[in-house]
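Visitor: One structure is given below, represented as structure tokens, and several questions about it will come after.
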Amino acid sequence: MKTIPLKDGQTVLLRESIKSDASELVDYLQKIGSESDFLTFGPGELSVSVSDEEAILEESYTAKNKIMLLALIGNKVIGCLHFTGGVRARTRHTGEFGVSLLKNYWDQGIGTTMVRELIQWAKDSSVIRKLNLRVRSDNDRAIFVYEKLGFIQEGLITREFCISGQFFDCIYMGLSID
Ligand SMILES: CC(C)(COP(=O)(O)OP(=O)(O)OC[C@H]1O[C@@H](n2cnc3c(N)ncnc32)[C@H](O)[C@@H]1OP(=O)(O)O)[C@@H](O)C(=O)NCCC(=O)NCCS
């Protein structure tokens with residue numbers, strides 16, 4: 001658990017999610033689709049029910065190679081980071097994550113702190129040995145954050161996104177945990 005003071009006097013709480021966060025998280029996911037074209041879903045495209053989300057949160061909380069981190073102001077979710085490790089013995093040490101914040105809260109250090117928390121969790125996990133992500137190649141802010149924290153560009157995948165008929169490439173990035 002960690003707190004981040006904002007310039008406007010509010011305090012953001014970072015913590016691992018629990019099952020009862022499902023409803024607030026579903027509300028959050030409905031909002032962010034319309035706030036950025038850097039995510040894999042747009043406005044109205046993500047329809048997760050509260051009970052589906054409860055199952056995801058329970059699984060993330062229980063599994064040793066999964067985590068859902070939330071950024072909260074009061075009980076309102078303003079950001080989330082979800083890391084999922086592999087299912088099989090040969091891939092359970094590695095996995096991919098996605099991170100997002102409501103636009104009002106960008107550029108205040110919250111995303112950096114969330115990814116830092118993920119790295120620390122991975123180091124403490126004794127299971128995770130590699131963190132991976134995919135990022136749109138024109139998402140300069142996110143790439144800046146990942147590189148600042150030691151992630152390395154490992155490859156380019158073309159035509160990963162198609163938005164209104166336009167293709168966008170993605171970069172694979174990764175961080176070894178030793
Ligand atoms: C990407 C995201 C999670 C980053 O979180 P954040 O809290 O906004 O980022 P931070 O404030 O911690 O750090 C942003 C840094 O990028 C810098 N930055 C901002 N715009 C930038 C740009 N266009 N190019 C390069 N750097 C930029 C900021 O100055 C800041 O630098 P600093 O750490 O030296 O102060 C958040 O902006 C977000 O949710 N974006 C939309 C969804 C998204 O893109 N998710 C990632 C998908 S892979």
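Chain labels run A, B, ... following the order of the structure tokens; each chain numbers its residues from 1, and ligands are numbered from 1 in the order shown.
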What parts of chain A does DSSP call alpha helix (DSSP H)? I'd like the answer as a PyMOL selection string.
Guide: chain A and resi 22-32+50-62+110-125+140-148
Visitor: Using only C-alpha atoms and all ligand atoms, which protein or nucleic acid residues are at most 6 Å from ligand 1, as a list in words?
Guide: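 Within the 6 Å cut-off, the matching residues are Ser36, Phe38, Leu39, Gly98, Val99, Ser100, Leu101, Trp106, Asp107, Gln108, Gly109, Ile110, Gly111, Thr112, Arg134, Val135, Asp140, Arg141, Ala142, Phe144 and Val145 of chain A.
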Visitor: If you run DSSP over the backbone, which residues in chain A end up strand (DSSP E)? Put them as number ranges by chain.
Guide: A: 2-5, 11-16, 66-73, 76-85, 94-101, 130-136, 152-163, 166-176
Visitor: Write out the residues from the selection above, keeping C-alpha atoms, as a compact mmCIF listing (two decimals), in the first residue's frame.
Guide:
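The resulting file, out.txt, is reproduced below:
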# COMPACT_ATOMS: atom_id res chain seq x y z
CA LYS A 2 1.30 3.43 -0.94
CA THR A 3 -0.02 7.00 -0.96
CA ILE A 4 0.75 9.71 -3.52
CA PRO A 5 -0.05 13.34 -2.61
CA THR A 11 -4.27 11.82 -1.96
CA VAL A 12 -4.08 8.77 -4.22
CA LEU A 13 -3.96 5.38 -2.55
CA LEU A 14 -2.24 2.52 -4.39
CA ARG A 15 -3.13 -0.98 -3.30
CA GLU A 16 -3.80 -4.46 -4.56
CA LYS A 66 -0.94 -12.24 -11.21
CA ILE A 67 -1.75 -8.87 -9.71
CA MET A 68 -4.29 -6.07 -10.14
CA LEU A 69 -3.12 -2.78 -8.66
CA LEU A 70 -5.59 0.05 -8.21
CA ALA A 71 -5.10 3.79 -7.80
CA LEU A 72 -7.96 5.19 -5.72
CA ILE A 73 -9.18 8.54 -4.47
CA LYS A 76 -13.22 5.90 -6.70
CA VAL A 77 -10.87 4.02 -9.03
CA ILE A 78 -8.75 6.49 -11.04
CA GLY A 79 -6.21 4.00 -12.41
CA CYS A 80 -5.36 0.34 -12.69
CA LEU A 81 -2.49 -1.96 -13.60
CA HIS A 82 -3.13 -5.62 -14.41
CA PHE A 83 -0.32 -8.15 -14.77
CA THR A 84 -1.03 -11.75 -15.78
CA GLY A 85 1.61 -14.47 -15.69
CA THR A 94 6.73 -14.24 -17.32
CA GLY A 95 3.67 -12.24 -18.30
CA GLU A 96 2.26 -9.04 -19.71
CA PHE A 97 0.70 -6.02 -18.08
CA GLY A 98 -1.42 -3.03 -19.03
CA VAL A 99 -1.71 0.23 -17.12
CA SER A 100 -4.06 3.20 -17.44
CA LEU A 101 -5.28 6.26 -15.59
CA LYS A 130 10.36 -11.10 -16.72
CA LEU A 131 7.79 -8.31 -17.21
CA ASN A 132 6.48 -7.67 -20.73
CA LEU A 133 4.19 -5.12 -22.33
CA ARG A 134 3.01 -3.87 -25.68
CA VAL A 135 2.74 -0.16 -26.36
CA ARG A 136 1.60 1.77 -29.42
CA ILE A 152 13.98 -2.20 -23.07
CA GLN A 153 12.45 -2.17 -26.55
CA GLU A 154 12.54 -5.77 -27.81
CA GLY A 155 10.67 -5.69 -31.10
CA LEU A 156 8.08 -4.10 -33.32
CA ILE A 157 4.78 -5.66 -34.32
CA THR A 158 3.07 -3.98 -37.25
CA ARG A 159 -0.67 -3.37 -37.68
CA GLU A 160 -1.39 -4.32 -34.06
CA PHE A 161 -4.16 -1.71 -33.74
CA CYS A 162 -6.74 -0.74 -36.33
CA ILE A 163 -8.71 2.37 -35.38
CA GLN A 166 -5.91 3.26 -39.70
CA PHE A 167 -3.24 0.79 -38.61
CA PHE A 168 -0.84 1.43 -35.74
CA ASP A 169 2.33 -0.48 -34.83
CA CYS A 170 3.18 -1.64 -31.33
CA ILE A 171 6.53 -2.03 -29.61
CA TYR A 172 7.24 -5.01 -27.39
CA MET A 173 9.07 -3.91 -24.24
CA GLY A 174 10.44 -5.98 -21.41
CA LEU A 175 12.26 -5.90 -18.09
CA SER A 176 14.19 -8.85 -16.66
Visitor: Hey, which of A:Ser20, A:Asn65, A:Ser137, A:Ser164 ends up closest to Asp124 of chain A? Count only C-alpha atoms.
Guide: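 For Asp124 of chain A, the nearest of the candidates is A:Asn65.
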Visitor: One decimal, in Å: what's the spacing between atom CA of Gly86 of chain A and atom CA of Glu53 of chain A?
Guide: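 According to the coordinates, atom CA of Gly86 of chain A and atom CA of Glu53 of chain A are separated by 19.3 Å.
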Visitor: Suppose you want the space between atom CA of Ser60 of chain A and atom CA of Gln10 of chain A; what is it in Å?
Guide: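 Value for the atom CA of Ser60 of chain A-atom CA of Gln10 of chain A distance: 27.9 Å.
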Visitor: Residues within 12 Å of Ser125 of chain A, please, as a PyMOL selection string. Count only C-alpha atoms; anything in the same chain fewer than 2 positions from it doesn't count.
Guide: chain A and resi 63-67+85+92-94+117-123+127-130+177-178
Visitor: Would you compute the distance between atom CA of Asn75 of chain A and atom CA of Ser23 of chain A? Give it in Å to one decimal.
Guide: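 So the answer is 10.6 Å.
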Visitor: Which one is closest to Ser17 of chain A: A:Thr62, A:Ser126, A:Ser34, A:Ser49? Count only C-alpha atoms.
Guide: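 So, comparing all the options, the nearest one is A:Thr62.
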Visitor: Which residue gives the smallest distance to Leu102 of chain A among A:Glu54, A:Glu35, A:Glu147, A:Asp138, with only C-alpha atoms counted?
Guide: A:Glu35
